[in-house]
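Trainee: This structure is in structure tokens; I'll ask about it shortly.
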Amino acid sequence: MTTPPDGAGADPARVYRDTMGRFATGVTVVTATGPGGPAGMTTNAVTSLSLEPRLLLVCFEARSRTLEVVRGARRFAVNILRAGDADLAAVFASKVVGPQKFADITHTEEHGVPVLDRALAWIACDLLELRPGGDHEIGIGRVLGTGSGAPGPPLVFFGGRYTTIAG
């Protein structure tokens, strides 16, 4: 074992975070539109939940402003980012207010939600439910539609940094 086990002098939360950092994930931007305009956040806590019916799971930080927009709109999109879009991920991970995040980002609207033009692919969903999950809320969405942009490798998060996969 290369890291100390929990309770061996290391902060258990840090050990857990570092351990989960070894699980490579895709990088997405979740978007929605509320009364104040579009909102969005970067997340890698997204997964397919079911094929029949088509369901998607997204984890929202409980204090996220985007969560409040999704809660009100009852609809959201997951935009899958492509390699080279770490800058886009950084914009949506920032604490900048929602509409300002979209100032220099081109997007269209599909199924009533913002879809980023630079996305590798997107999935629009109706929010079915939100469930508590520690410091996050787990959102379950029913898929309304999907689309894809130009082909290419995805943006990946691994070891605390953005990277891509070797093809």
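For the structure tokens, the naming scheme is as follows: chains receive sequential letters (A, B, ...) according to their order of presentation, residues are indexed from 1 within each chain, and ligands are indexed from 1 in presentation order.
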Could you list, as a compact mmCIF listing (two decimals) with C-alpha atoms, in the first residue's frame, every residue within 8 Å of region 101-105 of chain A, counting only C-alpha atoms and ignoring same-chain residues fewer than 4 positions away?

Mentor:
```txt
# COMPACT_ATOMS: atom_id res chain seq x y z
CA PRO A 38 -28.74 30.52 -17.65
CA ALA A 39 -26.71 28.81 -14.94
CA GLY A 40 -24.11 26.08 -15.03
CA VAL A 91 -15.19 28.91 -16.02
CA PHE A 92 -18.12 26.76 -14.90
CA VAL A 96 -18.94 33.62 -11.04
CA VAL A 97 -22.69 34.19 -11.20
CA LEU A 116 -22.85 24.34 -25.10
CA ASP A 117 -21.68 24.54 -28.71
```

Trainee: Per residue of region 6-46 of chain A within 6 Å of region 74-79 of chain A, which atom pair is closest and at what distance in Å (one decimal), using only C-alpha atoms, listed by chain and increasing number, as a tab-separated table?

Mentor:
```
residue	atom	partner	partner_atom	distance
A:Thr28	CA	A:Asn79	CA	5.3
A:Val29	CA	A:Asn79	CA	5.1
A:Val30	CA	A:Val78	CA	4.5
A:Thr31	CA	A:Ala77	CA	5.2
A:Ala32	CA	A:Phe76	CA	4.7
```

Trainee: Give me every strand (DSSP E or B) residue in region 5-126 of chain A, going by DSSP on the backbone, as a PyMOL selection string.

Mentor: chain A and resi 25-26+28-34+37-43+46-50+55-61+75-80+82+107-110+113-116+121-126

Trainee: In terms of the shortest atom-to-atom distance over only C-alpha atoms, which of A:Glu61, A:Asp18, A:Asp11, A:Glu52 is closest to Leu130 (chain A)?

Mentor: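 Smallest distance to Leu130 (chain A) is found for A:Glu61.
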
Trainee: Show me, as a list in words, the residues that have an atom within 7 Å of Gly149 (chain A) when counting only C-alpha atoms, minus same-chain residues fewer than 4 positions from it.

Mentor: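 Counting only C-alpha atoms, the residues come to Ala119, Leu120 and Ala121 of chain A.
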
Trainee: With only C-alpha atoms as the atoms that count, which of A:Gly147, A:Phe157, A:Met20, A:Pro99 lies nearest to Pro35 (chain A)?

Mentor: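 Using only C-alpha atoms, Pro35 (chain A) sits closest to A:Pro99.
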
Trainee: Which is closest to Ala62 (chain A) among A:Glu109, A:Thr43, A:His136, A:Gly34, if we use only C-alpha atoms?

Mentor: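 Among the listed residues, the smallest separation from Ala62 (chain A) belongs to A:His136.
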
Trainee: Would you give me, as a list of chain:residue names, the residues in region 35-113 of chain A that DSSP reads as alpha helix (DSSP H)?

Mentor: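 Residues meeting the alpha helix (DSSP H) criterion: A:Arg65, A:Thr66, A:Leu67, A:Glu68, A:Val69, A:Val70, A:Arg71, A:Gly72, A:Ala73, A:Ala86, A:Asp87, A:Leu88, A:Ala89, A:Ala90, A:Val91, A:Phe92, A:Ala93, A:Gly98, A:Pro99, A:Gln100, A:Lys101.
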
Trainee: Can you work out which one of A:Thr25, A:Asn44, A:Thr19, A:Thr108 has the shortest atom-to-atom distance to Phe158 (chain A), counting only C-alpha atoms?

Mentor: A:Thr25

Trainee: Point out the residue among A:Val69, A:Leu127, A:Ala86, A:Val15 with the least atom-to-atom distance to Gly36 (chain A), counting only C-alpha atoms.

Mentor: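 When distances to Gly36 (chain A) are compared using only C-alpha atoms, the smallest one comes from A:Val69.
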